[in-house]
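As provided, start.cif (mmCIF, C-alpha atoms) reads as follows.
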data_work
#
loop_
_atom_site.label_atom_id
_atom_site.label_comp_id
_atom_site.auth_asym_id
_atom_site.auth_seq_id
_atom_site.Cartn_x
_atom_site.Cartn_y
_atom_site.Cartn_z
CA MET A 1 19.95 2.52 -5.90
CA ASP A 2 18.05 4.33 -8.66
CA ASP A 3 15.29 6.59 -7.24
CA HIS A 4 12.68 5.17 -9.61
CA LEU A 5 13.51 1.60 -8.58
CA THR A 6 13.40 2.62 -4.92
CA GLY A 7 9.99 4.16 -5.56
CA ILE A 8 8.65 1.01 -7.25
CA LEU A 9 9.99 -1.25 -4.49
CA SER A 10 8.51 1.05 -1.84
CA ASN A 11 5.15 0.97 -3.64
CA ILE A 12 5.27 -2.83 -3.79
CA GLY A 13 6.05 -2.95 -0.06
CA VAL A 14 3.25 -0.56 0.94
CA ILE A 15 0.56 -2.09 -1.24
CA SER A 16 1.53 -5.53 0.11
CA PHE A 17 0.02 -4.53 3.45
CA VAL A 18 -3.44 -3.99 2.01
CA ALA A 19 -3.04 -7.17 -0.07
CA LEU A 20 -2.15 -9.14 3.10
CA SER A 21 -5.13 -7.58 4.80
CA ALA A 22 -7.52 -8.87 2.11
CA TYR A 23 -5.71 -12.24 2.14
CA LEU A 24 -6.30 -12.65 5.86
CA LEU A 25 -10.04 -12.35 5.34
CA LEU A 26 -9.88 -14.65 2.32
CA LEU A 27 -8.41 -17.31 4.64
CA THR A 28 -11.65 -17.24 6.61
CA GLY A 29 -13.59 -17.54 3.37
CA GLU A 30 -14.81 -13.94 3.28
CA ILE A 31 -14.37 -11.68 0.27
CA SER A 32 -13.95 -8.05 1.27
CA PHE A 33 -14.09 -5.23 -1.23
CA GLY A 34 -13.55 -2.74 1.58
CA GLN A 35 -9.99 -3.11 2.88
CA GLN A 36 -9.09 0.21 1.24
CA ALA A 37 -11.26 1.91 3.88
CA PHE A 38 -8.96 0.75 6.70
CA PHE A 39 -5.97 1.72 4.57
CA ALA A 40 -7.51 5.21 4.28
CA ILE A 41 -8.29 5.43 8.00
CA GLY A 42 -4.70 4.43 8.80
CA ALA A 43 -3.30 6.96 6.32
CA TYR A 44 -5.35 9.88 7.61
CA THR A 45 -4.78 8.96 11.27
CA ALA A 46 -1.02 8.61 10.89
CA GLY A 47 -0.88 11.85 8.88
CA ILE A 48 -2.85 13.75 11.54
CA VAL A 49 -0.62 12.40 14.32
CA THR A 50 2.69 13.37 12.69
CA ALA A 51 1.88 16.35 10.44
CA MET A 52 -0.69 18.09 12.64
CA TRP A 53 0.00 17.01 16.18
CA GLN A 54 3.77 16.81 15.64
CA LEU A 55 4.05 13.47 17.43
CA PRO A 56 6.69 10.83 16.57
CA PHE A 57 6.42 8.77 13.43
CA TRP A 58 6.09 5.45 15.26
CA LEU A 59 3.19 6.80 17.28
CA GLY A 60 1.55 7.83 14.02
CA LEU A 61 1.98 4.36 12.52
CA GLY A 62 0.71 2.73 15.73
CA ALA A 63 -2.29 5.04 15.82
CA GLY A 64 -3.01 4.28 12.15
CA ALA A 65 -2.92 0.53 12.78
CA ALA A 66 -5.04 0.88 15.94
CA ALA A 67 -7.60 3.04 14.13
CA GLY A 68 -7.76 0.50 11.28
CA GLY A 69 -8.28 -2.35 13.75
CA ALA A 70 -10.91 -0.43 15.74
CA ALA A 71 -12.80 0.50 12.56
CA ALA A 72 -12.72 -3.16 11.48
CA LEU A 73 -14.19 -4.16 14.85
CA PHE A 74 -16.92 -1.56 14.41
CA VAL A 75 -17.79 -2.83 10.92
CA GLY A 76 -17.21 -6.49 11.71
CA LEU A 77 -19.73 -6.66 14.57
CA PRO A 78 -22.78 -6.15 12.33
CA THR A 79 -21.43 -7.45 9.00
CA LEU A 80 -19.59 -10.66 9.90
CA ARG A 81 -22.90 -12.41 10.49
CA LEU A 82 -23.48 -12.00 6.76
CA HIS A 83 -22.07 -14.44 4.24
CA GLY A 84 -20.68 -14.48 0.72
CA LEU A 85 -22.07 -11.82 -1.59
CA GLN A 86 -23.94 -10.06 1.23
CA PHE A 87 -20.71 -9.57 3.18
CA ALA A 88 -18.84 -8.45 0.06
CA ILE A 89 -21.50 -5.82 -0.74
CA ALA A 90 -21.59 -4.66 2.90
CA THR A 91 -17.82 -4.10 2.93
CA LEU A 92 -17.98 -2.26 -0.39
CA ALA A 93 -20.76 -0.01 0.95
CA PHE A 94 -18.74 0.70 4.10
CA ALA A 95 -15.64 1.58 2.08
CA GLU A 96 -17.57 3.98 -0.13
CA ALA A 97 -19.16 5.56 2.96
CA VAL A 98 -15.69 6.08 4.45
CA ARG A 99 -14.40 7.61 1.21
CA ILE A 100 -17.34 10.04 1.07
CA LEU A 101 -16.85 10.89 4.75
CA PHE A 102 -13.24 11.83 3.98
CA GLU A 103 -14.54 14.04 1.15
CA LEU A 104 -16.49 15.94 3.81
CA PHE A 105 -13.82 15.79 6.52
CA ARG A 106 -12.12 19.11 7.19
CA TYR A 107 -9.76 19.53 10.12
CA GLN A 108 -6.79 21.85 9.80
CA VAL A 109 -4.27 23.61 12.00
CA MET A 110 -1.85 26.42 11.11
CA ARG A 111 1.81 25.45 10.78
CA ASP A 112 4.42 27.95 9.58
CA GLY A 113 1.59 30.21 8.49
CA GLU A 114 -0.01 27.53 6.33
CA PRO A 115 -3.06 25.37 6.98
CA VAL A 116 -2.17 21.68 7.40
CA GLY A 117 -4.63 18.81 7.59
CA PRO A 118 -7.45 17.08 5.73
CA ASN A 119 -9.38 19.48 3.55
CA GLY A 120 -12.22 17.47 2.12
CA ILE A 121 -12.00 16.57 -1.54
CA GLU A 122 -8.70 18.50 -1.89
CA GLY A 123 -7.07 15.94 0.35
CA PHE A 124 -4.35 16.11 2.94
CA PRO A 125 -0.98 17.26 1.59
CA ASN A 126 2.22 18.14 3.46
CA ILE A 127 2.65 14.94 5.45
CA ARG A 128 6.32 15.80 5.33
CA TYR A 129 7.73 13.87 8.24
CA ILE A 130 10.39 12.05 6.22
CA PHE A 131 11.58 15.29 4.63
CA GLU A 132 11.57 17.24 7.88
CA ASN A 133 13.59 14.49 9.54
CA ASP A 134 15.95 13.98 6.63
CA VAL A 135 15.03 10.36 6.01
CA SER A 136 16.25 9.18 2.63
CA ALA A 137 14.08 7.21 0.21
CA THR A 138 16.26 4.12 0.76
CA GLN A 139 15.96 4.42 4.54
CA PHE A 140 12.20 4.70 4.31
CA MET A 141 12.10 1.68 2.00
CA SER A 142 14.06 -0.24 4.66
CA ILE A 143 11.46 0.74 7.24
CA ILE A 144 8.65 -0.46 4.95
CA TYR A 145 10.34 -3.81 4.36
CA GLY A 146 11.29 -4.15 8.03
CA LEU A 147 7.64 -3.81 9.00
CA LEU A 148 6.54 -6.04 6.11
CA GLY A 149 9.02 -8.68 7.28
CA ALA A 150 7.64 -8.42 10.82
CA THR A 151 4.09 -8.80 9.48
CA LEU A 152 5.09 -11.85 7.44
CA PHE A 153 6.74 -13.32 10.53
CA GLY A 154 3.42 -12.75 12.30
CA PHE A 155 1.69 -14.70 9.51
CA PHE A 156 4.32 -17.45 9.85
CA LEU A 157 3.48 -17.80 13.54
CA LEU A 158 -0.25 -17.52 12.84
CA GLU A 159 -0.15 -20.37 10.29
CA ARG A 160 1.34 -22.60 12.98
CA SER A 161 -1.08 -21.57 15.72
CA ARG A 162 -4.52 -22.88 16.69
CA LEU A 163 -5.96 -19.54 15.58
CA GLY A 164 -4.48 -19.98 12.09
CA VAL A 165 -5.91 -23.49 11.88
CA ALA A 166 -9.30 -22.10 12.97
CA PHE A 167 -9.09 -19.44 10.20
CA ARG A 168 -8.55 -22.12 7.56
CA MET A 169 -11.22 -24.40 9.03
CA ILE A 170 -13.76 -21.60 8.83
CA GLY A 171 -12.55 -20.79 5.32
CA GLN A 172 -13.17 -24.38 4.21
CA ASP A 173 -16.55 -24.85 5.89
CA ASP A 174 -17.80 -22.62 8.68
CA LEU A 175 -20.68 -24.93 9.62
CA LEU A 176 -18.29 -27.84 10.02
CA ALA A 177 -15.90 -25.63 11.98
CA ALA A 178 -18.73 -24.59 14.30
CA ALA A 179 -19.64 -28.26 14.75
CA GLN A 180 -16.02 -28.88 15.79
CA GLY A 181 -16.39 -26.25 18.50
CA VAL A 182 -14.72 -23.30 16.76
CA PRO A 183 -16.37 -20.01 17.83
CA VAL A 184 -16.85 -18.89 14.22
CA PHE A 185 -18.06 -15.34 14.77
CA ARG A 186 -15.40 -14.53 17.37
CA VAL A 187 -12.60 -15.97 15.22
CA LYS A 188 -13.85 -14.05 12.17
CA LEU A 189 -13.95 -10.88 14.23
CA ILE A 190 -10.32 -11.42 15.28
CA ALA A 191 -9.38 -11.93 11.62
CA ALA A 192 -11.23 -8.75 10.61
CA CYS A 193 -9.53 -6.69 13.35
CA LEU A 194 -6.07 -8.02 12.45
CA ALA A 195 -6.77 -7.35 8.76
CA GLY A 196 -7.95 -3.82 9.56
CA ALA A 197 -4.82 -3.15 11.63
CA ILE A 198 -2.53 -4.43 8.86
CA ALA A 199 -4.29 -2.24 6.29
CA GLY A 200 -4.12 0.72 8.70
CA LEU A 201 -0.38 0.20 9.17
CA GLY A 202 0.08 0.13 5.39
CA GLY A 203 -2.01 3.30 5.09
CA GLY A 204 0.24 5.10 7.58
CA LEU A 205 3.30 4.12 5.58
CA TYR A 206 1.62 5.13 2.33
CA ALA A 207 0.74 8.61 3.65
CA HIS A 208 4.35 9.22 4.67
CA LEU A 209 5.76 7.74 1.47
CA THR A 210 3.71 9.91 -0.89
CA THR A 211 3.38 12.89 1.53
CA TYR A 212 -0.25 13.43 0.53
CA VAL A 213 -3.54 11.55 0.60
CA GLU A 214 -6.92 12.32 -0.88
CA PRO A 215 -10.24 10.46 -0.85
CA ALA A 216 -10.03 9.53 -4.57
CA ILE A 217 -7.03 7.29 -3.80
CA PHE A 218 -9.14 5.01 -1.66
CA ASP A 219 -11.86 4.11 -4.12
CA VAL A 220 -13.10 0.67 -5.10
CA MET A 221 -10.21 0.12 -7.55
CA LEU A 222 -7.78 -0.23 -4.66
CA GLY A 223 -10.11 -2.69 -2.94
CA VAL A 224 -10.50 -4.82 -6.07
CA HIS A 225 -6.75 -4.84 -6.62
CA SER A 226 -5.96 -5.82 -3.03
CA LEU A 227 -8.36 -8.73 -3.33
CA ALA A 228 -7.03 -9.73 -6.74
CA TYR A 229 -3.44 -9.88 -5.46
CA GLY A 230 -4.31 -12.76 -3.16
CA LEU A 231 -6.28 -14.52 -5.87
CA ILE A 232 -3.41 -14.18 -8.39
CA GLY A 233 -0.53 -14.92 -6.04
CA GLY A 234 -2.26 -17.71 -4.19
CA LEU A 235 -3.96 -18.47 -0.91
CA GLY A 236 -1.56 -21.20 0.22
CA THR A 237 0.86 -18.83 1.94
CA ALA A 238 1.17 -15.18 2.94
CA PHE A 239 3.78 -14.86 0.17
CA GLY A 240 0.94 -15.36 -2.33
CA PRO A 241 -0.48 -11.82 -2.15
CA LEU A 242 3.08 -10.48 -2.27
CA LEU A 243 3.65 -12.40 -5.49
CA GLY A 244 0.42 -10.88 -6.83
CA VAL A 245 1.64 -7.37 -5.99
CA ALA A 246 5.04 -8.10 -7.53
CA ILE A 247 3.41 -9.32 -10.75
CA ASP A 248 1.12 -6.30 -11.00
CA ILE A 249 3.26 -3.38 -9.83
CA GLY A 250 6.71 -4.89 -10.24
CA LEU A 251 6.27 -6.52 -13.64
CA LEU A 252 3.30 -4.99 -15.46
CA GLU A 253 3.58 -1.44 -14.14
CA SER A 254 7.32 -0.94 -13.94
CA THR A 255 8.15 -2.51 -17.31
CA ARG A 256 5.24 -0.72 -19.05
CA TRP A 257 5.06 -3.45 -21.67
CA PHE A 258 1.34 -2.88 -22.07
CA ALA A 259 1.30 0.91 -21.40
CA GLY A 260 -2.30 2.13 -21.00
CA TYR A 261 -3.69 -1.36 -21.64
CA ARG A 262 -2.17 -2.67 -18.42
CA MET A 263 -5.49 -2.71 -16.54
CA ILE A 264 -7.06 -4.82 -19.30
CA VAL A 265 -4.13 -7.26 -19.13
CA PHE A 266 -4.43 -7.36 -15.35
CA GLY A 267 -8.17 -8.07 -15.51
CA GLY A 268 -7.58 -10.81 -18.09
CA LEU A 269 -4.86 -12.33 -15.92
CA VAL A 270 -7.22 -12.49 -12.94
CA ALA A 271 -9.96 -14.10 -15.07
CA VAL A 272 -7.60 -16.71 -16.55
CA LEU A 273 -6.07 -17.57 -13.19
CA LEU A 274 -9.47 -17.96 -11.55
CA ILE A 275 -10.28 -20.60 -14.19
CA VAL A 276 -6.89 -22.35 -14.37
CA ARG A 277 -5.79 -22.02 -10.74
CA PRO A 278 -8.80 -21.04 -8.63
CA ARG A 279 -6.70 -20.61 -5.47
CA GLY A 280 -3.87 -18.71 -7.18
CA LEU A 281 -0.32 -19.51 -8.24
CA LEU A 282 0.93 -20.43 -4.77
CA ASP A 283 -2.07 -22.52 -3.77
CA GLU A 284 -2.15 -24.88 -0.79
CA ARG A 285 -1.13 -27.93 -2.85
CA LEU A 286 1.94 -26.26 -4.34
CA VAL A 287 2.97 -24.79 -0.99
CA HIS A 288 2.67 -28.22 0.61
CA ARG A 289 4.80 -29.73 -2.17
CA ILE A 290 7.45 -27.00 -1.80
CA ARG A 291 7.56 -27.52 1.97
CA ARG A 292 8.04 -31.26 1.47
CA ILE A 293 10.90 -30.67 -1.01
CA VAL A 294 12.56 -28.15 1.32
CA SER A 295 12.30 -30.46 4.31
CA ARG A 296 13.45 -33.38 2.05
CA ARG A 297 10.78 -35.66 3.35
CA PRO A 298 9.71 -38.49 1.04
CA PRO A 299 6.09 -38.32 -0.05
CA PRO A 300 3.79 -40.55 2.02
CA ALA A 301 3.30 -43.93 0.42
CA PRO A 302 -0.16 -44.62 -0.97
CA ALA A 303 -2.35 -46.70 1.32
CA SER A 304 -2.57 -49.60 -1.14
CA ALA A 305 1.25 -49.88 -1.42
CA THR A 306 1.55 -50.11 2.36
CA ILE A 307 -1.01 -52.90 2.49
CA LEU A 308 0.79 -54.75 -0.29
CA GLY A 309 4.08 -54.33 1.57
CA GLU A 310 2.57 -55.80 4.70
CA GLU A 311 1.19 -58.71 2.72
CA SER A 312 4.56 -59.54 1.15
CA SER A 313 6.46 -59.54 4.49
CA MET B 1 20.05 -17.50 16.61
CA ILE B 2 22.31 -14.87 18.19
CA ALA B 3 22.85 -13.31 14.75
CA ALA B 4 19.11 -13.11 14.15
CA ARG B 5 18.65 -11.49 17.57
CA ASP B 6 21.40 -8.96 16.77
CA VAL B 7 19.78 -8.11 13.45
CA LEU B 8 16.41 -7.55 15.12
CA LEU B 9 18.04 -5.43 17.82
CA SER B 10 19.86 -3.32 15.22
CA LEU B 11 16.64 -2.86 13.29
CA PHE B 12 14.89 -1.77 16.47
CA VAL B 13 17.64 0.78 17.27
CA VAL B 14 17.50 2.19 13.72
CA MET B 15 13.73 2.42 13.88
CA VAL B 16 13.69 4.11 17.27
CA SER B 17 16.37 6.64 16.29
CA PHE B 18 14.50 7.32 13.05
CA GLY B 19 11.22 7.91 14.83
CA SER B 20 12.61 10.41 17.32
CA GLY B 21 14.48 12.64 14.89
CA GLN B 22 14.37 16.40 15.19
CA ALA B 23 12.56 18.46 12.61
CA ALA B 24 15.12 20.09 10.35
CA GLY B 25 13.39 20.47 7.00
CA VAL B 26 13.43 23.55 4.83
CA LYS B 27 10.23 23.85 2.92
CA ALA B 28 10.09 24.96 -0.69
CA LYS B 29 7.29 26.84 -2.38
CA ALA B 30 6.48 25.85 -5.93
CA GLU B 31 4.34 27.12 -8.74
CA VAL B 32 3.69 24.37 -11.27
CA SER B 33 2.11 24.85 -14.66
CA CYS B 34 1.86 22.33 -17.50
CA SER B 35 0.90 22.85 -21.11
CA ALA B 36 0.13 20.31 -23.81
CA THR B 37 2.72 19.75 -26.53
CA PRO B 38 1.85 18.82 -30.14
CA LYS B 39 2.58 15.19 -29.23
CA PRO B 40 -0.43 13.44 -27.71
CA LEU B 41 -0.36 13.04 -23.92
CA GLU B 42 2.96 14.87 -23.60
CA TYR B 43 3.09 17.98 -21.44
CA ASP B 44 5.75 20.57 -20.77
CA CYS B 45 5.81 21.50 -17.11
CA THR B 46 7.41 24.60 -15.68
CA ILE B 47 8.26 24.68 -12.00
CA LYS B 48 9.13 27.90 -10.22
CA LEU B 49 10.77 27.26 -6.86
CA SER B 50 11.24 29.77 -4.08
CA ASP B 51 11.91 29.98 -0.36
CA PRO B 52 8.51 30.53 1.31
CA ARG B 53 9.99 32.88 3.93
CA SER B 54 12.34 35.09 1.96
CA GLY B 55 10.81 34.57 -1.48
CA ALA B 56 14.31 34.03 -2.93
CA ALA B 57 14.60 31.70 -5.92
CA LEU B 58 15.83 28.20 -5.07
CA THR B 59 18.71 27.33 -7.35
CA GLY B 60 21.23 24.49 -7.64
CA LEU B 61 18.68 21.76 -7.07
CA GLU B 62 18.18 18.47 -8.81
CA VAL B 63 14.50 18.42 -9.69
CA THR B 64 12.48 15.45 -10.94
CA VAL B 65 8.84 15.54 -11.98
CA GLY B 66 6.50 12.56 -11.80
CA ALA B 67 2.75 12.09 -11.76
CA ASP B 68 0.29 9.70 -10.19
CA MET B 69 -3.39 9.14 -10.92
CA PRO B 70 -5.24 9.38 -7.58
CA SER B 71 -8.09 7.15 -8.70
CA MET B 72 -5.57 4.41 -9.48
CA PRO B 73 -2.71 4.89 -7.03
CA MET B 74 0.50 3.11 -7.98
CA ALA B 75 -1.26 1.73 -11.05
CA HIS B 76 -0.94 4.62 -13.46
CA ASN B 77 2.12 6.58 -12.56
CA VAL B 78 4.65 8.33 -14.69
CA LYS B 79 8.34 7.60 -14.62
CA PRO B 80 9.90 10.71 -13.06
CA ALA B 81 11.56 12.99 -15.59
CA LYS B 82 14.63 15.00 -14.69
CA ALA B 83 13.96 18.74 -15.02
CA MET B 84 16.31 21.11 -16.84
CA HIS B 85 17.20 24.56 -15.55
CA GLY B 86 15.00 27.27 -17.05
CA ASN B 87 15.98 30.76 -18.19
CA GLU B 88 15.15 32.45 -14.89
CA PRO B 89 16.73 31.55 -11.54
CA GLY B 90 14.67 29.00 -9.63
CA THR B 91 12.81 27.93 -12.77
CA TYR B 92 12.96 24.33 -14.01
CA ARG B 93 11.37 22.62 -17.01
CA ALA B 94 10.45 18.99 -17.57
CA ARG B 95 8.42 17.03 -20.11
CA ILE B 96 6.14 14.30 -18.81
CA LYS B 97 4.23 11.71 -20.79
CA LEU B 98 0.93 10.61 -19.30
CA GLU B 99 -1.00 7.44 -20.02
CA MET B 100 -4.38 9.16 -20.29
CA HIS B 101 -6.11 12.50 -19.77
CA GLY B 102 -7.84 13.32 -16.50
CA ASP B 103 -6.99 14.27 -12.94
CA TRP B 104 -3.38 13.67 -11.98
CA VAL B 105 -1.21 14.57 -9.04
CA VAL B 106 2.09 16.06 -10.15
CA LYS B 107 4.95 15.24 -7.78
CA VAL B 108 8.01 17.47 -7.81
CA ASP B 109 10.98 16.02 -5.93
CA LEU B 110 13.84 18.28 -4.91
CA VAL B 111 17.31 17.02 -4.03
CA GLY B 112 20.27 19.20 -3.07
CA PRO B 113 20.50 22.07 -0.59
CA VAL B 114 16.74 21.66 -0.10
CA ARG B 115 15.19 18.21 0.00
CA ASP B 116 11.43 18.25 -0.37
CA ARG B 117 8.45 16.95 -2.30
CA ILE B 118 5.78 19.25 -3.63
CA VAL B 119 2.48 17.78 -4.71
CA LYS B 120 -0.05 19.56 -6.94
CA SER B 121 -3.39 18.22 -8.15
CA MET B 122 -3.91 19.11 -11.81
CA ARG B 123 -6.32 18.28 -14.59
CA PHE B 124 -4.76 17.35 -17.91
CA GLU B 125 -6.96 17.91 -20.97
CA PRO B 126 -6.24 17.25 -24.65
CA ARG B 127 -4.73 20.11 -26.62
CA PRO B 128 -7.60 22.27 -27.97
#
Any chance you could give the structure as structure tokens?
Amino acid sequence: MDDHLTGILSNIGVISFVALSAYLLLLTGEISFGQQAFFAIGAYTAGIVTAMWQLPFWLGLGAGAAAGGAAALFVGLPTLRLHGLQFAIATLAFAEAVRILFELFRYQVMRDGEPVGPNGIEGFPNIRYIFENDVSATQFMSIIYGLLGATLFGFFLLERSRLGVAFRMIGQDDLLAAAQGVPVFRVKLIAACLAGAIAGLGGGLYAHLTTYVEPAIFDVMLGVHSLAYGLIGGLGTAFGPLLGVAIDIGLLESTRWFAGYRMIVFGGLVAVLLIVRPRGLLDERLVHRIRRIVSRRPPPAPASATILGEESS
Amino acid sequence: MIAARDVLLSLFVVMVSFGSGQAAGVKAKAEVSCSATPKPLEYDCTIKLSDPRSGAALTGLEVTVGADMPSMPMAHNVKPAKAMHGNEPGTYRARIKLEMHGDWVVKVDLVGPVRDRIVKSMRFEPRP
């Protein structure tokens, strides 16, 4: 496969993690502009584990995901009692605080006579695990998509679980969900931790894919994009955010039809879709219709037709 | 069902073997400099590659040069350009076309006897 294509597909795979992370919170009705912070925490943690401490790659990824989840718990405890705009601003403030902390974060060790590790605003280069272990770009892409597949399978199970139902109930109306006996705060906290861990896992993959990270990467633009992917692709299924990523990076970026105007086109696309399809392309109604077609079940008869049928017999 | 289980098992084995690999990389040292061409947003980059231990020039490599804007990762990136061999051993030249001026990260990928990626943060200004 062409290296450029492999690179684009790998980018789509990695960014899908942060998009899925924002989507998970959207399911509970919360808009987070701060998922890039957990992505950053995962990237730095995984980089430190493999490049500085020389521990195995999988331990680095696990540590990145765990750090992302733990940070989400830390932020979620005080902020998840907030709602709507207040929560969105709180997550944005947290993400900016994390980015500035990484600008101040310096922790380096000497390896082969060279300093390795985060160096404030200059970032953290030389996360060279895939090069040191002779992992090809295609192999690494397979790893990304293997983990993305596993995450999607997790979403598949979640959608069919009581927890998944609770997520959507809270997303529709948290007061009503609470009245039905759903422990809203606890369920939201679980969603936040899972979302943080998914973003952290993606961050770990990103650090190893690009071999360097720096605080500027994790600014608000990444947060806005990750949120927009779910809103473009749709909130009816976990494939929605992936569709959003594929449209943005796969179509707009890779084809370069709009060159430097791509961001304007992307912004316009988000605005139009929010008006035309407020819950994205793959919204709940379309997903339900697709599922019915796939399972070849006839649509339920309208109530009036059933009554008429009963009357005629 | 058995097939799905086999696939998952194979994936697990590949992942585990990948994660426990032994370090075998040879690192390259690079000096990267880029200068503006008369064409707007086009830059000629010169890459000088050497072995960090011996200082010997690294030759016979396939070198590609790309760039990424850190403030918009994966949004504004440059299609990697294949570098040509320069006049001196270990020197390679490539022309990249950016989408805008500002801070970029230049990524130099090496394939061949040495496989590595070198990343340099650079500021690209308009030609004076």
Which residues come within 8 Å of B:Leu49, counting all atoms listed in the file, excluding same-chain residues fewer than 4 positions away, as a PDB file with C-alpha atoms, in the coordinates of the input?
ATOM      1  CA  ALA B  28      10.090  24.960  -0.690  1.00  0.00           C
ATOM      2  CA  LYS B  29       7.290  26.840  -2.380  1.00  0.00           C
ATOM      3  CA  ALA B  30       6.480  25.850  -5.930  1.00  0.00           C
ATOM      4  CA  GLU B  31       4.340  27.120  -8.740  1.00  0.00           C
ATOM      5  CA  ALA B  57      14.600  31.700  -5.920  1.00  0.00           C
ATOM      6  CA  LEU B  58      15.830  28.200  -5.070  1.00  0.00           C
ATOM      7  CA  THR B  59      18.710  27.330  -7.350  1.00  0.00           C
ATOM      8  CA  GLY B  90      14.670  29.000  -9.630  1.00  0.00           C
ATOM      9  CA  THR B  91      12.810  27.930 -12.770  1.00  0.00           C
TER      10      THR B  91
END
Any idea what's packed within 7 Å of A:Phe218, counting all atoms listed in the file, ignoring anything in its chain fewer than 6 positions away? Could you give it as a tab-separated table (two decimals) with C-alpha atoms, keeping the file's coordinate frame?
chain	number	residue	atom	x	y	z
A	36	GLN	CA	-9.09	0.21	1.24
A	37	ALA	CA	-11.26	1.91	3.88
A	40	ALA	CA	-7.51	5.21	4.28
A	99	ARG	CA	-14.40	7.61	1.21
Residue by residue, what does the PyMOL selection byres ((chain A) within 6 of (chain B)) grab here? Present the result as a PDB file with C-alpha atoms, keeping the file's coordinate frame.
ATOM      1  CA  PRO A  56       6.690  10.830  16.570  1.00  0.00           C
ATOM      2  CA  PHE A  57       6.420   8.770  13.430  1.00  0.00           C
ATOM      3  CA  TRP A  58       6.090   5.450  15.260  1.00  0.00           C
ATOM      4  CA  PHE A 131      11.580  15.290   4.630  1.00  0.00           C
ATOM      5  CA  GLU A 132      11.570  17.240   7.880  1.00  0.00           C
ATOM      6  CA  ASN A 133      13.590  14.490   9.540  1.00  0.00           C
ATOM      7  CA  ALA A 216     -10.030   9.530  -4.570  1.00  0.00           C
ATOM      8  CA  ILE A 217      -7.030   7.290  -3.800  1.00  0.00           C
ATOM      9  CA  GLY A 260      -2.300   2.130 -21.000  1.00  0.00           C
TER      10      GLY A 260
END
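Take atom CA of A:Gly69 and atom CA of A:Gly13: the distance between them is 19.9 Å.
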Go through the shown structure with the PyMOL selection byres ((chain B and resi 127) around 9) and write out the matching residues as a VMD selection string.
-> chain B and resid 35 to 38 40 to 41 125 to 126 128
What's the 10 Å shell around stretch 123-127 of chain A, counting all atoms listed in the file, without same-chain residues fewer than 5 positions away, as number ranges by chain?
-> A: 43-44, 46-52, 102-103, 105-108, 115-118, 132, 207-217; B: 27, 116-121
Need the shell around A:Gln172: protein/DNA/RNA residues with any atom at most 10 Å away, counting all atoms listed in the file. Skip same-chain ones fewer than 5 positions apart. Format as a compact mmCIF listing (two decimals) with C-alpha atoms, in the coordinates of the input?
# COMPACT_ATOMS: atom_id res chain seq x y z
CA LEU A 27 -8.41 -17.31 4.64
CA THR A 28 -11.65 -17.24 6.61
CA GLY A 29 -13.59 -17.54 3.37
CA ALA A 166 -9.30 -22.10 12.97
CA PHE A 167 -9.09 -19.44 10.20
CA ALA A 177 -15.90 -25.63 11.98
